[in-house]
Amino acid sequence: MNDGLNLQGILDRTASDCRTMTGGGRQATYIPELAKTDTALFSLSAATLDGSVFSSGDSDSLFSMQSMSKVVALSFALEIFGHDYVFARVGMEPCSEPFNSIMKLEMTSSTPLNPFINSGSIVLAGMIEDRLGERAIDDLLKFASGMTGRRGGLKVNERVYMSESSTADRNRALAYFMHSVGTLPFGVEESLSLYFKLCSIDVRTDDLAVMGSTLANAGLNPVTEERMISIDTAYTVTGLMSVCGLYDESGEFAVKVGVPAKSGVSGGIVCAAPGRMGLAVFSPPLDKGGNSVAGVKALSRLSRELKLRGM
Ligand code: GLN
């Protein structure tokens, strides 16, 4: 399924060419624990639909999922609540503001524009917490482990969780605002706590590449051969990744890379090239939109070289 490509060689070359292409980027510091990240790290992985996984660079590096966990929350919520319940509470339109903006919430109907900005994912965390209570994080970790095929299971990084939870004025403002207007009809602190835990799940790029390949393979994890989500959920999640995955830089990313993807402020980006493969990159320096500078460059090259747009 890797079309006879020397995928390992392509990843090695891309990693060595792109790892220093971080010009102008700075790692996230608003979560104090992320400010401690080694900005020189770079890792790249690909997972093909025949279940092969390739990695290059600092591929043992663990980093928190941050907003890439919004893919996990949406997939899980769609599986347990269904499309109509989820999309009655969050929209499915791109957002032209930063991921933690409060402006659109107040100006529009107060319903989050989509599930891949903070307000949308806080609402999803709230509905999951409301339904599952204390079981929620364990069930989500099991689900995320299944999406990534990680043996032994993924874990929450408690240091990142505490760091984020104790400095989250902006996310608290979003959540309390939504609660005040009725669009977050769940316990605010409970919703936020689950949201922060999701953002703090530690992963490597190989985990994320396999998660991308599960989405690219219409919901069947090609490594474990376990069906994780329905075909419809995979279509919905990848569809939204195409239009909202890189916040207010999603349009530019569509031009440069053209593959469904989701970024996080830890410096990771997970991609799902439907019918082809999952890809993931990690490089902490971010551009002004909160997306990995070298990560976008590496994916742009890979998209061309591997013809991931299908042409
Ligand atoms: N945990 C981060 C936050 O809530 C996630 C943001 C991101 O990765 N873009 O601010």
# chains A, B, ... in the order shown; residues from 1 in each chain; ligands from 1

$ closest_atom_pairs --of "chain A" --to "ligand 1" --cutoff "8 Å" --atoms "only C-alpha atoms and all ligand atoms" --output "CSV"
residue,atom,partner,partner_atom_place_in_ligand_line,distance
A:Ile31,CA,ligand 1,10 (O),7.8
A:Met65,CA,ligand 1,8 (O),7.5
A:Gln66,CA,ligand 1,8 (O),4.2
A:Ser67,CA,ligand 1,8 (O),3.6
A:Met68,CA,ligand 1,8 (O),6.7
A:Phe99,CA,ligand 1,9 (N),5.9
A:Asn100,CA,ligand 1,10 (O),6.5
A:Ile117,CA,ligand 1,9 (N),7.4
A:Asn118,CA,ligand 1,4 (O),5.7
A:Glu164,CA,ligand 1,1 (N),6.8
A:Ala168,CA,ligand 1,4 (O),7.5
A:Arg170,CA,ligand 1,10 (O),7.9
A:Asn171,CA,ligand 1,4 (O),6.3
A:Tyr195,CA,ligand 1,4 (O),7.8
A:Phe196,CA,ligand 1,1 (N),6.2
A:Cys199,CA,ligand 1,1 (N),5.0
A:Ser200,CA,ligand 1,1 (N),7.4
A:Ser263,CA,ligand 1,8 (O),6.6
A:Gly264,CA,ligand 1,8 (O),3.5
A:Val265,CA,ligand 1,8 (O),3.8
A:Ser266,CA,ligand 1,8 (O),6.5
A:Gly290,CA,ligand 1,9 (N),6.2
A:Asn291,CA,ligand 1,9 (N),7.9

$ residues_around --residues "A:Ala40" --least-positions-apart "2" --cutoff "8 Å" --atoms "only C-alpha atoms" --output "ChimeraX atom specification"
/A:19-20,38,42,283-284

$ write_last_selection --atoms "C-alpha atoms" --output "PDB file, in the first residue's frame"
ATOM      1  CA  ARG A  19      14.234  20.050  11.086  1.00  0.00           C
ATOM      2  CA  THR A  20      15.932  23.439  11.243  1.00  0.00           C
ATOM      3  CA  ASP A  38      13.469  21.443  23.761  1.00  0.00           C
ATOM      4  CA  PHE A  42      11.963  17.138  15.325  1.00  0.00           C
ATOM      5  CA  SER A 283       8.592  20.461  15.977  1.00  0.00           C
ATOM      6  CA  PRO A 284       7.768  22.897  18.820  1.00  0.00           C
TER       7      PRO A 284
END

$ closest_residue --among "A:Leu11, A:Ser121, A:Leu246, A:Asn6" --to "A:Ser96" --atoms "only C-alpha atoms"
A:Leu246

$ atom_distance --atom1 "atom CA of A:Ser119" --atom2 "atom CA of A:Met178"
8.2 Å

$ closest_residue --among "A:Gly23, A:Gly120, A:Gly9, A:Gly258" --to "A:Ser292" --atoms "only C-alpha atoms"
A:Gly23

$ closest_residue --among "A:Ala272, A:Val160, A:Val237, A:Ala280" --to "A:Leu78" --atoms "only C-alpha atoms"
A:Val237

$ select_by_dssp --residues "stretch 14-232 of chain A" --states "strand (DSSP E or B)" --output "list in words"
Arg26, Ser43, Leu44, Ser45, Ala46, Ala47, Thr48, Val53, Phe54, Ser55, Ser56, Gly57, Phe63, Ser64, Val156, Ile201, Asp202, Val203, Leu220 and Arg227 of chain A

$ write_last_selection --atoms "N, CA, C and O atoms" --output "PDB file, in the first residue's frame"
ATOM      1  N   ARG A  26       8.222  30.311  17.530  1.00  0.00           N
ATOM      2  CA  ARG A  26       8.504  30.267  18.974  1.00  0.00           C
ATOM      3  C   ARG A  26       7.595  29.238  19.622  1.00  0.00           C
ATOM      4  O   ARG A  26       6.427  29.135  19.250  1.00  0.00           O
ATOM      5  N   SER A  43      10.488  15.328  14.845  1.00  0.00           N
ATOM      6  CA  SER A  43      10.156  13.919  14.601  1.00  0.00           C
ATOM      7  C   SER A  43       9.072  13.831  13.533  1.00  0.00           C
ATOM      8  O   SER A  43       8.203  14.706  13.435  1.00  0.00           O
ATOM      9  N   LEU A  44       9.142  12.780  12.744  1.00  0.00           N
ATOM     10  CA  LEU A  44       8.232  12.620  11.600  1.00  0.00           C
ATOM     11  C   LEU A  44       7.859  11.140  11.512  1.00  0.00           C
ATOM     12  O   LEU A  44       8.748  10.285  11.613  1.00  0.00           O
ATOM     13  N   SER A  45       6.596  10.821  11.334  1.00  0.00           N
ATOM     14  CA  SER A  45       6.182   9.414  11.176  1.00  0.00           C
ATOM     15  C   SER A  45       5.131   9.294  10.088  1.00  0.00           C
ATOM     16  O   SER A  45       4.370  10.241   9.823  1.00  0.00           O
ATOM     17  N   ALA A  46       5.083   8.108   9.478  1.00  0.00           N
ATOM     18  CA  ALA A  46       4.038   7.795   8.496  1.00  0.00           C
ATOM     19  C   ALA A  46       3.521   6.394   8.803  1.00  0.00           C
ATOM     20  O   ALA A  46       4.291   5.519   9.194  1.00  0.00           O
ATOM     21  N   ALA A  47       2.231   6.209   8.642  1.00  0.00           N
ATOM     22  CA  ALA A  47       1.626   4.885   8.848  1.00  0.00           C
ATOM     23  C   ALA A  47       0.753   4.578   7.633  1.00  0.00           C
ATOM     24  O   ALA A  47      -0.195   5.318   7.343  1.00  0.00           O
ATOM     25  N   THR A  48       1.098   3.525   6.907  1.00  0.00           N
ATOM     26  CA  THR A  48       0.379   3.214   5.669  1.00  0.00           C
ATOM     27  C   THR A  48      -0.794   2.275   5.965  1.00  0.00           C
ATOM     28  O   THR A  48      -0.906   1.722   7.056  1.00  0.00           O
ATOM     29  N   VAL A  53       4.588   1.107   9.778  1.00  0.00           N
ATOM     30  CA  VAL A  53       4.831   2.408  10.411  1.00  0.00           C
ATOM     31  C   VAL A  53       6.307   2.761  10.256  1.00  0.00           C
ATOM     32  O   VAL A  53       7.184   1.921  10.489  1.00  0.00           O
ATOM     33  N   PHE A  54       6.578   3.983   9.812  1.00  0.00           N
ATOM     34  CA  PHE A  54       7.951   4.460   9.595  1.00  0.00           C
ATOM     35  C   PHE A  54       8.144   5.749  10.381  1.00  0.00           C
ATOM     36  O   PHE A  54       7.249   6.576  10.430  1.00  0.00           O
ATOM     37  N   SER A  55       9.346   5.912  10.974  1.00  0.00           N
ATOM     38  CA  SER A  55       9.608   7.137  11.726  1.00  0.00           C
ATOM     39  C   SER A  55      11.015   7.626  11.455  1.00  0.00           C
ATOM     40  O   SER A  55      11.912   6.836  11.132  1.00  0.00           O
ATOM     41  N   SER A  56      11.205   8.932  11.643  1.00  0.00           N
ATOM     42  CA  SER A  56      12.532   9.511  11.464  1.00  0.00           C
ATOM     43  C   SER A  56      12.713  10.660  12.453  1.00  0.00           C
ATOM     44  O   SER A  56      11.736  11.225  12.930  1.00  0.00           O
ATOM     45  N   GLY A  57      13.953  11.008  12.755  1.00  0.00           N
ATOM     46  CA  GLY A  57      14.218  12.101  13.704  1.00  0.00           C
ATOM     47  C   GLY A  57      14.120  11.610  15.136  1.00  0.00           C
ATOM     48  O   GLY A  57      14.376  10.438  15.424  1.00  0.00           O
ATOM     49  N   PHE A  63       5.244  14.154  23.629  1.00  0.00           N
ATOM     50  CA  PHE A  63       4.737  15.533  23.733  1.00  0.00           C
ATOM     51  C   PHE A  63       3.226  15.438  23.918  1.00  0.00           C
ATOM     52  O   PHE A  63       2.613  14.411  23.587  1.00  0.00           O
ATOM     53  N   SER A  64       2.622  16.497  24.461  1.00  0.00           N
ATOM     54  CA  SER A  64       1.186  16.401  24.738  1.00  0.00           C
ATOM     55  C   SER A  64       0.367  16.660  23.474  1.00  0.00           C
ATOM     56  O   SER A  64       0.772  17.427  22.599  1.00  0.00           O
ATOM     57  N   VAL A 156      -2.218  10.414  30.632  1.00  0.00           N
ATOM     58  CA  VAL A 156      -2.240  11.868  30.816  1.00  0.00           C
ATOM     59  C   VAL A 156      -0.916  12.274  31.462  1.00  0.00           C
ATOM     60  O   VAL A 156      -0.455  11.644  32.413  1.00  0.00           O
ATOM     61  N   ILE A 201      -2.686  14.480  27.126  1.00  0.00           N
ATOM     62  CA  ILE A 201      -2.312  13.085  26.828  1.00  0.00           C
ATOM     63  C   ILE A 201      -0.984  13.083  26.063  1.00  0.00           C
ATOM     64  O   ILE A 201      -0.831  13.777  25.053  1.00  0.00           O
ATOM     65  N   ASP A 202      -0.029  12.308  26.555  1.00  0.00           N
ATOM     66  CA  ASP A 202       1.292  12.227  25.911  1.00  0.00           C
ATOM     67  C   ASP A 202       1.277  11.255  24.725  1.00  0.00           C
ATOM     68  O   ASP A 202       0.727  10.152  24.827  1.00  0.00           O
ATOM     69  N   VAL A 203       1.905  11.670  23.644  1.00  0.00           N
ATOM     70  CA  VAL A 203       2.005  10.828  22.438  1.00  0.00           C
ATOM     71  C   VAL A 203       3.382  10.997  21.799  1.00  0.00           C
ATOM     72  O   VAL A 203       4.124  11.921  22.133  1.00  0.00           O
ATOM     73  N   LEU A 220     -10.986   2.003  10.406  1.00  0.00           N
ATOM     74  CA  LEU A 220     -10.401   0.710  10.796  1.00  0.00           C
ATOM     75  C   LEU A 220      -8.903   0.920  11.026  1.00  0.00           C
ATOM     76  O   LEU A 220      -8.193   1.320  10.105  1.00  0.00           O
ATOM     77  N   ARG A 227     -11.867  -2.121  14.304  1.00  0.00           N
ATOM     78  CA  ARG A 227     -12.695  -0.996  13.851  1.00  0.00           C
ATOM     79  C   ARG A 227     -12.908  -0.060  15.024  1.00  0.00           C
ATOM     80  O   ARG A 227     -13.466  -0.433  16.031  1.00  0.00           O
TER      81      ARG A 227
END

$ select_by_dssp --residues "stretch 8-126 of chain A" --states "alpha helix (DSSP H)" --output "PyMOL selection string"
chain A and resi 8-18+69-81+83-87+103-107+118-126

$ residues_around --residues "A:Asp60" --least-positions-apart "5" --cutoff "9 Å" --atoms "only C-alpha atoms" --output "list in words"
Ser43, Arg204, Thr205 and Asp206 of chain A

$ residues_around --residues "stretch 103-114 of chain A" --least-positions-apart "4" --cutoff "7 Å" --atoms "only C-alpha atoms" --output "PyMOL selection string"
chain A and resi 89-95+119-120+178+183

$ atom_distance --atom1 "atom CA of A:Asp84" --atom2 "atom CA of A:Asn221"
25.1 Å

$ closest_residue --among "A:Pro285, A:Ala77, A:Lys155, A:Tyr176" --to "A:Leu34" --atoms "only C-alpha atoms"
A:Pro285

$ closest_atom_pairs --of "stretch 27-75 of chain A" --to "stretch 123-135 of chain A" --cutoff "9 Å" --atoms "only C-alpha atoms" --output "CSV"
residue,atom,partner,partner_atom,distance
A:Lys70,CA,A:Leu124,CA,8.8
A:Ala73,CA,A:Leu124,CA,6.6
A:Leu74,CA,A:Leu124,CA,7.0

$ residues_around --residues "stretch 222-224 of chain A" --least-positions-apart "5" --cutoff "7 Å" --atoms "only C-alpha atoms" --output "number ranges by chain"
A: 49-51, 149, 213-214

$ write_last_selection --atoms "all heavy atoms" --output "JSON list (two decimals), in the first residue's frame"
[["chain", "number", "residue", "atom", "x", "y", "z"],
["A", 49, "LEU", "N", -1.65, 2.11, 4.96],
["A", 49, "LEU", "CA", -2.89, 1.37, 5.22],
["A", 49, "LEU", "C", -2.69, -0.14, 5.22],
["A", 49, "LEU", "O", -3.63, -0.90, 5.44],
["A", 49, "LEU", "CB", -3.97, 1.78, 4.21],
["A", 49, "LEU", "CG", -4.34, 3.27, 4.22],
["A", 49, "LEU", "CD1", -5.68, 3.50, 3.55],
["A", 49, "LEU", "CD2", -4.36, 3.87, 5.62],
["A", 50, "ASP", "N", -1.44, -0.59, 4.97],
["A", 50, "ASP", "CA", -1.16, -2.03, 5.16],
["A", 50, "ASP", "C", -0.61, -2.29, 6.56],
["A", 50, "ASP", "O", -0.16, -3.40, 6.86],
["A", 50, "ASP", "CB", -0.20, -2.55, 4.09],
["A", 50, "ASP", "CG", 1.17, -1.89, 4.16],
["A", 50, "ASP", "OD1", 1.39, -1.03, 5.05],
["A", 50, "ASP", "OD2", 2.03, -2.22, 3.33],
["A", 51, "GLY", "N", -0.61, -1.27, 7.41],
["A", 51, "GLY", "CA", -0.20, -1.46, 8.80],
["A", 51, "GLY", "C", 1.28, -1.24, 9.05],
["A", 51, "GLY", "O", 1.77, -1.53, 10.14],
["A", 149, "GLY", "N", -3.29, 2.72, 18.38],
["A", 149, "GLY", "CA", -2.71, 1.38, 18.43],
["A", 149, "GLY", "C", -1.59, 1.26, 19.45],
["A", 149, "GLY", "O", -0.79, 0.33, 19.38],
["A", 213, "SER", "N", -3.82, 7.24, 10.21],
["A", 213, "SER", "CA", -4.09, 6.14, 9.26],
["A", 213, "SER", "C", -5.44, 5.48, 9.56],
["A", 213, "SER", "O", -6.11, 4.99, 8.66],
["A", 213, "SER", "CB", -2.95, 5.11, 9.27],
["A", 213, "SER", "OG", -2.97, 4.31, 10.44],
["A", 214, "THR", "N", -5.85, 5.48, 10.82],
["A", 214, "THR", "CA", -7.17, 4.93, 11.18],
["A", 214, "THR", "C", -8.27, 5.78, 10.53],
["A", 214, "THR", "O", -9.24, 5.26, 9.97],
["A", 214, "THR", "CB", -7.34, 4.90, 12.72],
["A", 214, "THR", "OG1", -6.27, 4.13, 13.26],
["A", 214, "THR", "CG2", -8.67, 4.31, 13.13]]

$ atom_distance --atom1 "atom CA of A:Val71" --atom2 "atom CA of A:Asn157"
18.2 Å

$ closest_residue --among "A:Pro32, A:Gly310, A:Gly289, A:Gly268" --to "A:Leu208" --atoms "only C-alpha atoms"
A:Gly268

$ decode --residues "stretch 244-258 of chain A" --atoms "C-alpha atoms" --output "PDB file, in the first residue's frame"
ATOM      1  CA  CYS A 244     -10.934  23.780  10.454  1.00  0.00           C
ATOM      2  CA  GLY A 245      -7.892  21.725  11.452  1.00  0.00           C
ATOM      3  CA  LEU A 246      -5.363  24.560  11.576  1.00  0.00           C
ATOM      4  CA  TYR A 247      -7.691  27.227  13.017  1.00  0.00           C
ATOM      5  CA  ASP A 248      -7.497  30.509  11.110  1.00  0.00           C
ATOM      6  CA  GLU A 249      -4.624  29.154   8.992  1.00  0.00           C
ATOM      7  CA  SER A 250      -6.672  26.267   7.614  1.00  0.00           C
ATOM      8  CA  GLY A 251      -7.010  27.916   4.201  1.00  0.00           C
ATOM      9  CA  GLU A 252      -3.280  28.482   3.843  1.00  0.00           C
ATOM     10  CA  PHE A 253      -2.617  24.910   4.959  1.00  0.00           C
ATOM     11  CA  ALA A 254      -5.101  23.636   2.349  1.00  0.00           C
ATOM     12  CA  VAL A 255      -3.111  25.461  -0.335  1.00  0.00           C
ATOM     13  CA  LYS A 256       0.287  24.299   0.942  1.00  0.00           C
ATOM     14  CA  VAL A 257      -0.555  20.720   1.955  1.00  0.00           C
ATOM     15  CA  GLY A 258      -4.140  19.930   0.896  1.00  0.00           C
TER      16      GLY A 258
END
